[in-house]
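Participant: For reference, the file model-v4.cif (mmCIF, C-alpha atoms) is included below:
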```
data_start
loop_
_atom_site.label_atom_id
_atom_site.label_comp_id
_atom_site.auth_asym_id
_atom_site.auth_seq_id
_atom_site.Cartn_x
_atom_site.Cartn_y
_atom_site.Cartn_z
CA MET A 222 129.11 86.45 91.12
CA SER A 223 128.59 86.33 94.88
CA HIS A 224 125.16 87.91 94.65
CA ASP A 225 123.86 84.76 92.97
CA ARG A 226 124.80 82.74 96.02
CA ASP A 227 123.19 85.30 98.30
CA HIS A 228 119.96 84.89 96.39
CA ALA A 229 120.28 81.12 96.47
CA HIS A 230 120.71 81.26 100.24
CA ASN A 231 117.62 83.37 100.71
CA ALA A 232 114.83 80.85 101.13
CA HIS A 233 112.28 83.42 100.01
CA ALA A 234 113.87 83.97 96.60
CA PRO A 235 114.41 80.85 94.52
CA ILE A 236 116.75 81.49 91.62
CA GLU A 237 113.95 80.60 89.16
CA GLU A 238 112.19 83.90 89.82
CA HIS A 239 114.92 85.68 87.88
CA GLN A 240 113.10 84.39 84.83
CA ALA A 241 110.08 86.65 85.12
CA MET A 242 111.09 89.93 86.75
CA THR A 243 109.59 93.24 85.76
CA ALA A 244 111.86 96.21 85.10
CA TYR A 245 111.39 97.50 88.65
CA GLU A 246 111.92 94.07 90.17
CA LYS A 247 115.24 93.84 88.33
CA ARG A 248 116.10 97.23 89.75
CA ALA A 249 115.18 96.03 93.25
CA CYS A 250 117.21 92.88 92.72
CA ALA A 251 120.21 94.92 91.57
CA ILE A 252 120.03 97.30 94.51
CA GLU A 253 119.53 94.52 97.04
CA SER A 254 122.43 92.50 95.68
CA LEU A 255 124.77 95.49 95.67
CA LEU A 256 123.88 96.34 99.27
CA LEU A 257 124.45 92.72 100.32
CA GLU A 258 127.75 92.57 98.49
CA LYS A 259 128.98 95.77 100.12
CA GLY A 260 127.97 94.49 103.54
CA ILE A 261 125.56 97.38 104.08
CA ILE A 262 122.86 94.84 104.86
CA THR A 263 122.93 91.09 105.46
CA ALA A 264 120.77 88.29 104.11
CA ASP A 265 119.82 87.40 107.69
CA GLU A 266 118.50 90.88 108.30
CA LEU A 267 116.35 90.71 105.19
CA ARG A 268 115.12 87.27 106.11
CA GLN A 269 114.20 88.42 109.61
CA GLN A 270 112.19 91.35 108.28
CA LEU A 271 110.43 89.10 105.77
CA GLU A 272 109.50 86.76 108.61
CA GLU A 273 108.19 89.65 110.67
CA ILE A 274 106.14 90.87 107.72
CA ASP A 275 104.66 87.42 107.21
CA ALA A 276 104.03 86.86 110.91
CA ILE A 277 101.57 89.70 111.40
CA THR A 278 98.00 89.23 110.25
CA PRO A 279 94.79 91.00 111.29
CA ALA A 280 94.26 88.13 113.77
CA LEU A 281 96.55 90.07 116.08
CA GLY A 282 94.32 93.14 116.03
CA ALA A 283 91.26 90.90 116.38
CA LYS A 284 92.73 89.48 119.59
CA VAL A 285 92.99 93.00 121.02
CA VAL A 286 89.43 93.86 120.04
CA ALA A 287 88.01 90.64 121.48
CA ARG A 288 89.76 91.31 124.77
CA ALA A 289 88.36 94.85 124.81
CA TRP A 290 84.89 93.45 124.27
CA VAL A 291 85.03 90.98 127.19
CA ASP A 292 87.11 93.05 129.61
CA PRO A 293 85.79 96.62 130.18
CA ALA A 294 88.80 97.58 132.33
CA PHE A 295 91.16 96.50 129.54
CA LYS A 296 89.14 98.56 127.09
CA ILE A 297 89.55 101.65 129.27
CA ARG A 298 93.32 101.07 129.38
CA LEU A 299 93.38 100.46 125.63
CA LEU A 300 91.61 103.72 124.88
CA ALA A 301 93.91 105.60 127.26
CA ASP A 302 97.24 104.12 126.08
CA ALA A 303 96.95 101.51 123.38
CA LYS A 304 100.65 100.67 123.19
CA GLU A 305 100.85 99.83 126.90
CA ALA A 306 97.58 97.92 126.86
CA ILE A 307 98.51 95.64 123.97
CA ALA A 308 101.81 94.86 125.67
CA GLU A 309 99.68 93.13 128.34
CA LEU A 310 98.67 90.65 125.65
CA GLY A 311 102.30 89.94 124.84
CA ILE A 312 102.20 91.95 121.61
CA ALA A 313 105.51 93.64 120.96
CA THR A 314 105.58 97.06 119.38
CA ASP A 315 108.74 98.77 118.26
CA ALA A 316 109.69 102.29 119.18
CA LEU A 317 108.31 103.63 115.92
CA THR A 318 104.72 102.85 116.73
CA THR A 319 102.36 105.20 118.48
CA LEU A 320 99.03 103.49 118.52
CA VAL A 321 95.66 105.05 119.32
CA ALA A 322 92.50 102.98 119.64
CA VAL A 323 89.19 104.66 118.79
CA GLU A 324 85.92 103.05 119.73
CA ASN A 325 82.79 102.65 117.62
CA THR A 326 79.57 103.04 119.59
CA PRO A 327 75.88 103.27 118.71
CA HIS A 328 76.48 107.03 118.37
CA ILE A 329 79.93 107.24 116.77
CA HIS A 330 81.43 105.41 113.79
CA ASN A 331 85.13 105.86 113.11
CA VAL A 332 87.01 105.21 109.88
CA VAL A 333 90.73 105.65 109.23
CA VAL A 334 92.74 106.82 106.22
CA CYS A 335 96.12 108.32 105.39
CA THR A 336 95.44 110.87 102.66
CA LEU A 337 99.13 111.76 102.26
CA CYS A 338 100.59 108.27 101.90
CA SER A 339 99.61 104.94 103.51
CA CYS A 340 100.13 105.12 107.27
CA TYR A 341 98.41 102.10 108.78
CA PRO A 342 98.58 100.14 112.08
CA THR A 343 100.76 97.43 110.51
CA THR A 344 101.87 96.27 113.95
CA LEU A 345 98.39 94.86 114.53
CA LEU A 346 96.91 94.39 111.08
CA GLY A 347 99.84 93.40 108.86
CA LEU A 348 100.35 95.03 105.47
CA PRO A 349 97.46 97.20 104.22
CA PRO A 350 95.16 96.21 101.35
CA ASP A 351 95.62 97.88 97.95
CA TRP A 352 92.40 99.85 98.24
CA TYR A 353 93.54 101.53 101.47
CA LYS A 354 96.63 102.83 99.65
CA SER A 355 94.69 103.73 96.50
CA LEU A 356 94.35 107.31 95.31
CA ASN A 357 90.57 106.79 95.24
CA TYR A 358 90.23 105.85 98.89
CA ARG A 359 92.62 108.53 100.03
CA SER A 360 90.79 111.24 98.13
CA ARG A 361 87.24 110.10 98.66
CA VAL A 362 86.82 108.81 102.20
CA VAL A 363 87.48 112.22 103.74
CA VAL A 364 84.94 113.98 101.54
CA ALA A 365 82.29 111.23 101.24
CA PRO A 366 82.80 108.69 104.04
CA ARG A 367 79.19 107.50 104.15
CA GLU A 368 79.22 106.84 100.39
CA VAL A 369 82.52 104.98 100.61
CA LEU A 370 81.22 102.85 103.47
CA ARG A 371 78.12 102.09 101.42
CA GLU A 372 80.41 100.87 98.63
CA PHE A 373 81.89 98.47 101.16
CA GLY A 374 78.38 97.30 102.03
CA THR A 375 78.17 99.27 105.28
CA GLU A 376 75.05 101.33 105.79
CA LEU A 377 75.06 103.77 108.69
CA PRO A 378 72.07 105.44 110.34
CA SER A 379 71.70 109.09 109.34
CA ASP A 380 71.92 110.30 112.94
CA ILE A 381 75.21 108.56 113.83
CA GLU A 382 78.33 110.72 113.98
CA VAL A 383 80.92 109.62 111.40
CA ARG A 384 84.50 110.48 112.32
CA VAL A 385 87.20 110.15 109.70
CA TYR A 386 90.72 109.96 111.12
CA ASP A 387 93.44 111.16 108.73
CA SER A 388 96.75 109.74 110.02
CA THR A 389 99.09 112.52 109.03
CA ALA A 390 101.78 112.08 111.65
CA ASP A 391 103.21 109.49 114.02
CA MET A 392 99.88 108.22 115.38
CA ARG A 393 98.45 105.01 113.97
CA TYR A 394 94.74 104.56 114.51
CA LEU A 395 92.94 101.28 115.18
CA VAL A 396 89.16 101.16 115.19
CA ILE A 397 87.49 99.06 117.89
CA PRO A 398 84.30 97.95 116.13
CA GLU A 399 81.07 97.48 118.05
CA ARG A 400 80.49 94.05 119.53
CA PRO A 401 77.83 92.51 117.27
CA THR A 402 74.36 91.77 118.59
CA GLY A 403 73.86 88.11 119.36
CA ALA A 404 77.49 87.82 120.54
CA GLU A 405 76.87 88.74 124.16
CA HIS A 406 77.68 85.23 125.42
CA THR A 407 80.32 84.27 122.86
CA ARG A 408 83.72 83.22 124.17
CA GLU A 409 86.70 85.47 123.61
CA GLU A 410 88.43 83.19 121.09
CA GLU A 411 85.26 82.95 119.00
CA LEU A 412 84.68 86.68 119.30
CA ALA A 413 88.09 87.31 117.74
CA GLU A 414 86.93 85.42 114.64
CA LEU A 415 84.14 87.97 114.16
CA VAL A 416 86.58 90.87 114.02
CA THR A 417 87.57 91.51 110.41
CA ARG A 418 90.44 93.64 109.19
CA ASP A 419 87.97 95.95 107.47
CA SER A 420 86.11 96.49 110.74
CA MET A 421 89.36 97.62 112.37
CA ILE A 422 89.91 100.15 109.57
CA GLY A 423 86.31 101.23 109.93
CA VAL A 424 84.84 100.53 106.48
CA ALA A 425 82.85 97.59 107.83
CA LYS A 426 81.30 96.33 111.03
CA ALA A 427 82.31 93.14 112.79
CA ARG A 428 80.72 89.94 111.53
CA LEU A 429 77.58 88.64 113.10
CA PRO A 430 77.90 85.36 115.00
CA VAL A 431 76.72 82.31 113.12
CA LYS A 432 73.43 81.11 114.58
CA SER A 433 73.73 77.52 115.73
CA MET B 1399 108.54 123.33 126.83
CA GLU B 1400 104.78 123.41 127.29
CA PRO B 1401 102.12 122.89 124.64
CA LYS B 1402 100.64 126.13 123.38
CA PHE B 1403 97.10 124.76 123.07
CA LYS B 1404 94.82 122.60 125.19
CA PRO B 1405 91.74 120.49 124.47
CA GLY B 1406 88.76 122.68 123.65
CA ASP B 1407 90.81 125.50 122.14
CA VAL B 1408 89.54 126.72 118.80
CA VAL B 1409 92.36 126.92 116.27
CA ARG B 1410 92.92 127.79 112.62
CA ILE B 1411 95.20 125.68 110.45
CA ARG B 1412 97.63 127.87 108.56
CA GLU B 1413 97.75 128.06 104.82
CA ASP B 1414 101.13 127.42 103.32
CA TYR B 1415 102.49 125.43 100.40
CA PRO B 1416 106.23 125.29 100.96
CA ALA B 1417 108.19 123.47 98.29
CA ARG B 1418 109.55 121.13 100.94
CA HIS B 1419 108.02 118.13 102.71
CA PHE B 1420 105.23 118.89 105.18
CA ARG B 1421 102.33 116.95 106.67
CA THR B 1422 99.41 119.41 106.66
CA PRO B 1423 97.04 118.44 103.87
CA GLY B 1424 95.65 121.17 101.63
CA TYR B 1425 92.03 120.33 102.35
CA VAL B 1426 92.31 121.46 106.00
CA GLN B 1427 94.48 124.50 105.44
CA GLY B 1428 92.83 127.79 106.30
CA LYS B 1429 90.09 125.91 108.16
CA THR B 1430 89.03 126.21 111.78
CA GLY B 1431 88.80 123.33 114.21
CA THR B 1432 88.96 122.38 117.88
CA ILE B 1433 91.75 120.71 119.81
CA ALA B 1434 90.56 117.23 120.79
CA ALA B 1435 93.79 116.07 122.45
CA VAL B 1436 97.42 116.97 122.94
CA HIS B 1437 99.83 114.25 121.88
CA ASN B 1438 103.51 114.33 122.76
CA ALA B 1439 106.13 116.57 121.19
CA PHE B 1440 107.70 114.92 118.17
CA ARG B 1441 110.67 115.64 115.99
CA ASN B 1442 109.62 117.83 113.08
CA PRO B 1443 109.21 115.76 109.90
CA GLU B 1444 109.90 118.83 107.78
CA SER B 1445 113.50 118.67 108.96
CA LEU B 1446 113.77 114.87 109.27
CA ALA B 1447 112.84 114.56 105.61
CA TYR B 1448 116.17 116.14 104.66
CA GLY B 1449 118.39 114.35 107.12
CA GLY B 1450 117.98 117.03 109.76
CA ASP B 1451 117.58 116.26 113.45
CA GLY B 1452 113.97 117.43 113.60
CA LEU B 1453 114.63 119.74 116.52
CA PRO B 1454 113.10 121.59 118.17
CA ARG B 1455 110.35 119.06 118.74
CA GLN B 1456 106.86 120.24 117.92
CA TYR B 1457 103.78 119.37 119.90
CA LEU B 1458 101.34 117.32 117.89
CA TYR B 1459 97.62 117.88 118.36
CA LEU B 1460 94.55 115.91 117.44
CA VAL B 1461 92.25 118.51 115.90
CA TYR B 1462 88.65 117.93 114.83
CA LEU B 1463 86.81 119.88 112.18
CA THR B 1464 83.20 119.62 111.11
CA GLN B 1465 82.77 118.13 107.67
CA THR B 1466 80.15 120.71 106.67
CA HIS B 1467 82.85 123.36 107.29
CA LEU B 1468 85.35 121.50 105.09
CA TRP B 1469 83.19 120.52 102.13
CA GLU B 1470 80.62 122.59 100.30
CA HIS B 1471 78.12 119.81 99.62
CA TYR B 1472 78.46 117.83 102.83
CA THR B 1473 75.09 117.48 104.58
CA ALA B 1474 75.41 115.45 107.83
CA ALA B 1475 76.04 118.29 110.28
CA GLN B 1476 77.34 116.05 113.07
CA ASP B 1477 80.13 114.36 111.08
CA LYS B 1478 83.74 115.23 111.83
CA LEU B 1479 87.24 114.97 110.44
CA TYR B 1480 89.98 114.21 112.98
CA ILE B 1481 93.56 115.00 112.01
CA ASP B 1482 96.97 115.26 113.66
CA ILE B 1483 98.54 118.69 113.13
CA TYR B 1484 101.86 120.06 114.40
CA GLU B 1485 101.85 123.12 116.61
CA HIS B 1486 103.65 125.41 114.18
CA TRP B 1487 100.76 124.98 111.74
CA LEU B 1488 98.15 126.15 114.27
CA GLU B 1489 97.13 129.60 115.43
CA ARG B 1490 94.48 130.63 117.87
CA ALA B 1491 91.21 131.39 116.07
CA MET C 937 99.38 124.35 94.50
CA ARG C 938 98.74 120.78 95.52
CA HIS C 939 101.67 118.44 95.82
CA VAL C 940 101.24 115.14 93.99
CA HIS C 941 100.69 113.08 97.14
CA ASP C 942 98.24 115.47 98.85
CA ARG C 943 95.07 113.62 97.94
CA GLY C 944 92.38 114.49 100.47
CA GLY C 945 89.30 115.42 98.45
CA TRP C 946 91.22 115.32 95.14
CA PRO C 947 90.58 114.11 92.59
CA ASP C 948 87.01 112.89 92.55
CA VAL C 949 87.24 109.70 90.53
CA GLY C 950 84.16 107.82 91.66
CA ALA C 951 83.66 104.64 93.67
CA VAL C 952 86.51 103.02 95.59
CA ASN C 953 87.37 99.66 94.09
CA PRO C 954 87.92 97.33 97.05
CA THR C 955 90.72 95.44 95.30
CA GLU C 956 93.55 93.72 96.98
CA HIS C 957 96.14 91.19 95.90
CA ASN C 958 98.53 88.91 97.69
CA TYR C 959 101.81 90.70 98.06
CA THR C 960 104.39 89.36 95.60
CA VAL C 961 107.79 88.10 96.69
CA TRP C 962 109.49 91.23 95.38
CA GLU C 963 107.01 93.58 97.02
CA LYS C 964 107.75 92.00 100.37
CA ARG C 965 111.48 92.09 99.67
CA ILE C 966 111.29 95.81 98.89
CA HIS C 967 109.35 96.33 102.12
CA ALA C 968 111.92 94.28 104.05
CA LEU C 969 114.74 96.22 102.40
CA MET C 970 113.21 99.53 103.46
CA ARG C 971 112.92 98.30 107.03
CA VAL C 972 116.52 97.08 107.17
CA LEU C 973 117.83 100.33 105.69
CA THR C 974 115.83 102.52 108.09
CA ARG C 975 116.90 100.40 111.04
CA HIS C 976 120.49 100.99 109.96
CA HIS C 977 119.64 104.72 109.94
CA LEU C 978 120.68 105.06 106.33
CA PHE C 979 117.57 107.14 105.83
CA ARG C 980 114.35 107.87 107.68
CA VAL C 981 110.80 107.12 106.57
CA ASP C 982 110.35 110.90 106.27
CA GLU C 983 113.08 110.96 103.63
CA MET C 984 111.36 108.16 101.71
CA ARG C 985 108.16 110.19 101.76
CA ARG C 986 109.93 113.36 100.67
CA THR C 987 111.51 111.54 97.75
CA ILE C 988 108.23 109.98 96.62
CA GLU C 989 106.48 113.35 96.91
CA SER C 990 108.99 114.92 94.55
CA MET C 991 108.02 112.60 91.68
CA THR C 992 106.19 113.97 88.70
CA LEU C 993 102.41 113.64 88.75
CA HIS C 994 102.67 111.16 85.89
CA ASP C 995 105.12 108.90 87.71
CA TYR C 996 103.23 109.15 91.00
CA GLU C 997 100.01 108.06 89.34
CA THR C 998 101.40 105.35 87.05
CA LEU C 999 103.99 103.60 89.21
CA SER C 1000 102.66 101.00 91.59
CA TYR C 1001 103.06 101.45 95.32
CA TYR C 1002 106.27 99.41 95.60
CA GLU C 1003 107.63 100.76 92.34
CA ARG C 1004 107.46 104.16 94.04
CA TRP C 1005 109.26 102.67 97.04
CA ILE C 1006 112.14 101.15 95.12
CA THR C 1007 112.49 104.34 93.08
CA ALA C 1008 112.78 106.30 96.32
CA ILE C 1009 115.22 103.81 97.86
CA GLU C 1010 117.42 103.99 94.78
CA HIS C 1011 117.31 107.79 94.82
CA LEU C 1012 118.27 107.90 98.50
CA MET C 1013 121.09 105.36 98.13
CA ILE C 1014 122.60 107.55 95.43
CA GLU C 1015 121.92 110.76 97.34
CA LYS C 1016 123.62 109.38 100.43
CA GLY C 1017 126.62 108.17 98.40
CA VAL C 1018 126.01 104.51 99.28
CA LEU C 1019 125.60 103.42 95.67
CA THR C 1020 126.33 105.02 92.33
CA CYS C 1021 124.09 105.20 89.25
CA LYS C 1022 126.78 103.41 87.28
CA GLU C 1023 127.02 100.38 89.50
CA ILE C 1024 123.24 100.08 89.74
CA GLU C 1025 122.87 100.15 85.96
CA GLU C 1026 125.73 97.66 85.53
CA ARG C 1027 124.14 95.32 88.05
CA ILE C 1028 120.73 95.57 86.34
CA ALA C 1029 122.43 94.57 83.07
CA GLN C 1030 123.96 91.56 84.83
CA VAL C 1031 120.58 90.59 86.30
CA GLU C 1032 119.07 90.79 82.81
CA THR C 1033 121.80 88.55 81.48
CA LEU C 1034 120.94 85.95 84.13
CA GLN C 1035 117.41 85.76 82.82
CA ARG C 1036 118.49 84.42 79.49
#
```
Please lay out the structure from this file as structure tokens.
Facilitator:
Amino acid sequence: MSHDRDHAHNAHAPIEEHQAMTAYEKRACAIESLLLEKGIITADELRQQLEEIDAITPALGAKVVARAWVDPAFKIRLLADAKEAIAELGIATDALTTLVAVENTPHIHNVVVCTLCSCYPTTLLGLPPDWYKSLNYRSRVVVAPREVLREFGTELPSDIEVRVYDSTADMRYLVIPERPTGAEHTREEELAELVTRDSMIGVAKARLPVKS
Amino acid sequence: MEPKFKPGDVVRIREDYPARHFRTPGYVQGKTGTIAAVHNAFRNPESLAYGGDGLPRQYLYLVYLTQTHLWEHYTAAQDKLYIDIYEHWLERA
Amino acid sequence: MRHVHDRGGWPDVGAVNPTEHNYTVWEKRIHALMRVLTRHHLFRVDEMRRTIESMTLHDYETLSYYERWITAIEHLMIEKGVLTCKEIEERIAQVETLQR
């Protein structure tokens, strides 16, 4: 059958994996192979999307945050129009993305969720973690954000304003965490290493610099 | 086509549970908030979800609500919930 | 009445478990498949959502994230007349045969 050869050609899917597929994986395999066979999609298109998926990690978002920390004018542009600002760093966004950056300050702490599904700034952070998509997080972070943050090890002062962003529409929200204390003289590339994915979702703060 | 609301306007989010796809969560329905920002006009997902063209476009607004207004046992009075709501779900409060 | 996907504030099930796993090969392939199909305008993301939202509560809560996705993709491929139930089931049977 031609679909075998299509699978053999796809470097991401060695034929051996047929041995251990779950019921839904077999269903996915069947649907994918039918669509390939009918020419609705091509193996190259799938491969390209897989490469794009693998290419994006939170390091991309961290690069944006680090630049915002060292360059106040860039930060202003980022907060005004995130999509245009990140294009300055050579980061491509497709037409589907409408990105909004929200800044954590000593007075405001932002955290992002999608209570209805799993909307997430994948363009900058890659694929979301399971917990972000979980029914628990979606239900709980809107009603008890301080408790949820505590569960992630993040304690907030009682007088700070916590803002939960529920991404219900086309906007995708990226949190710009606060620049950690002790990192005032750290170089941009090292600053980016302090910016964790969780700090850009808002459940954590950026890492503290390692004291030398 | 101009947006109906502007930042600072106080609005109420309508209550409705149509059988079809919509993007206004139940926990904010019937609640009052303030327009924080006006986004662009977007194609309506309620129509797009069924292969429709999503027209006419609806303005999308960033609305903030106070958490103590949303949840009975919430205590931190300064905390807020920010959410994107389409114009046809909003009415002047 | 709440739709199955409308989860803000419901239900209250206690602490968030900060679990994550490395995406499996098939999860990424399903994600890639969705992207290719939407880029071909065979369906929109809104249609995927609508399909997932129309699942039963039981299915919504027991299927994994990507199991919901492939269920929705299958549903939409049939709805749009791109694939038929019969050919999907026949192909699954062939895939199962390959495993032996």
Participant: Based on all atoms listed in the file, which of the residues in chain C come within 6 Å of chain A? I want them as a ChimeraX atom specification.
Facilitator: /C:941-946,952,954-956,968,1027-1028,1035
Participant: Which residues of chain B are close to chain C, meaning at most 12 Å apart when you count all atoms listed in the file, and how do they look as a ChimeraX atom specification?
Facilitator: /B:1413-1427,1441-1452,1465,1468-1470,1472,1479,1481
Participant: Please report the interatomic distance between atom CA of B:Tyr1459 and atom CA of A:Val396 in Å with one decimal.
Facilitator: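 Between atom CA of B:Tyr1459 and atom CA of A:Val396 the gap works out to 19.0 Å.
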Participant: Using all atoms listed in the file, which of the listed residues (A:Arg408, A:Arg384, A:Arg418, A:Arg428) sits closest to B:Tyr1462?
Facilitator: A:Arg384
Participant: Can you turn the PyMOL selection byres ((chain A and resi 286-298) around 8) into a concrete residue list for this file, as a PDB file with C-alpha atoms, in the coordinates of the input?
Facilitator:
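Written out: result27.pdb:
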```
ATOM      1  CA  GLY A 282      94.320  93.140 116.030  1.00  0.00           C
ATOM      2  CA  ALA A 283      91.260  90.900 116.380  1.00  0.00           C
ATOM      3  CA  LYS A 284      92.730  89.480 119.590  1.00  0.00           C
ATOM      4  CA  VAL A 285      92.990  93.000 121.020  1.00  0.00           C
ATOM      5  CA  LEU A 299      93.380 100.460 125.630  1.00  0.00           C
ATOM      6  CA  LEU A 300      91.610 103.720 124.880  1.00  0.00           C
ATOM      7  CA  ALA A 301      93.910 105.600 127.260  1.00  0.00           C
ATOM      8  CA  ASP A 302      97.240 104.120 126.080  1.00  0.00           C
ATOM      9  CA  ALA A 303      96.950 101.510 123.380  1.00  0.00           C
ATOM     10  CA  ALA A 306      97.580  97.920 126.860  1.00  0.00           C
ATOM     11  CA  ILE A 397      87.490  99.060 117.890  1.00  0.00           C
ATOM     12  CA  PRO A 398      84.300  97.950 116.130  1.00  0.00           C
ATOM     13  CA  ARG A 400      80.490  94.050 119.530  1.00  0.00           C
ATOM     14  CA  GLU A 409      86.700  85.470 123.610  1.00  0.00           C
ATOM     15  CA  GLU A 410      88.430  83.190 121.090  1.00  0.00           C
ATOM     16  CA  LEU A 412      84.680  86.680 119.300  1.00  0.00           C
ATOM     17  CA  ALA A 413      88.090  87.310 117.740  1.00  0.00           C
ATOM     18  CA  VAL A 416      86.580  90.870 114.020  1.00  0.00           C
TER      19      VAL A 416
END
```
Participant: Take the PyMOL selection byres ((chain A) within 6 of (chain B)), run it mentally on this structure, and tell me the resulting residues as a VMD selection string.
Facilitator: chain A and resid 382 to 387 389
Participant: What does the file look like for those residues with C-alpha atoms, as a short mmCIF file (atom, residue, chain, number, x, y, z; two decimals), in the frame of the given file?
Facilitator:
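File written: result28.cif
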```
data_model
loop_
_atom_site.label_atom_id
_atom_site.label_comp_id
_atom_site.auth_asym_id
_atom_site.auth_seq_id
_atom_site.Cartn_x
_atom_site.Cartn_y
_atom_site.Cartn_z
CA GLU A 382 78.33 110.72 113.98
CA VAL A 383 80.92 109.62 111.40
CA ARG A 384 84.50 110.48 112.32
CA VAL A 385 87.20 110.15 109.70
CA TYR A 386 90.72 109.96 111.12
CA ASP A 387 93.44 111.16 108.73
CA THR A 389 99.09 112.52 109.03
#
```
Participant: Let me know the residues the PyMOL selection byres ((chain B and resi 1412) around 8) catches in the file above, as a PyMOL selection string.
Facilitator: chain B and resi 1410-1411+1413-1414+1427-1429+1487-1489
Participant: If I take atom CA of A:Leu257 and atom CA of C:Thr1033, how far is one from the other in Å, to one decimal?
Facilitator: 19.5 Å
Participant: Given the point (106.3, 100.4, 96.4) in the coordinates of this file, which residues lie within 10 Å, counting all atoms listed in the file, and how would they look as a list of chain:residue names?
Facilitator: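 Here the neighbourhood of the point contains A:Tyr245, C:Trp962, C:Glu963, C:Lys964, C:Ile966, C:His967, C:Met970, C:Ile988, C:Leu999, C:Ser1000, C:Tyr1001, C:Tyr1002, C:Glu1003, C:Arg1004, C:Trp1005, C:Ile1006, C:Thr1007, C:Ala1008, C:Ile1009.
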Participant: In Å, with one decimal, what is the gap from atom CA of B:Gly1406 to atom CA of A:His330?
Facilitator: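 One can read the atom CA of B:Gly1406 to atom CA of A:His330 distance as 21.2 Å.
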Participant: List every protein, DNA or RNA residue that has an atom no more than 9 Å from (100.6, 125.2, 123.3) in the file's coordinate frame, counting only C-alpha atoms, and report them as a list in words.
Facilitator: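 The answer, in the requested form, is Met1399, Glu1400, Pro1401, Lys1402, Phe1403, Lys1404, Val1436, Tyr1457 and Glu1485 of chain B.
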Participant: What are the centre and the three edge lengths of an axis-aligned box that wraps all atoms of stretch 288-295 of chain A in the file, given that 3 Å is added to every side, written as JSON and rounded to one decimal in Å?
Facilitator:
```
{"center_x": 88.0, "center_y": 94.3, "center_z": 128.3, "size_x": 12.3, "size_y": 12.6, "size_z": 14.1}
```
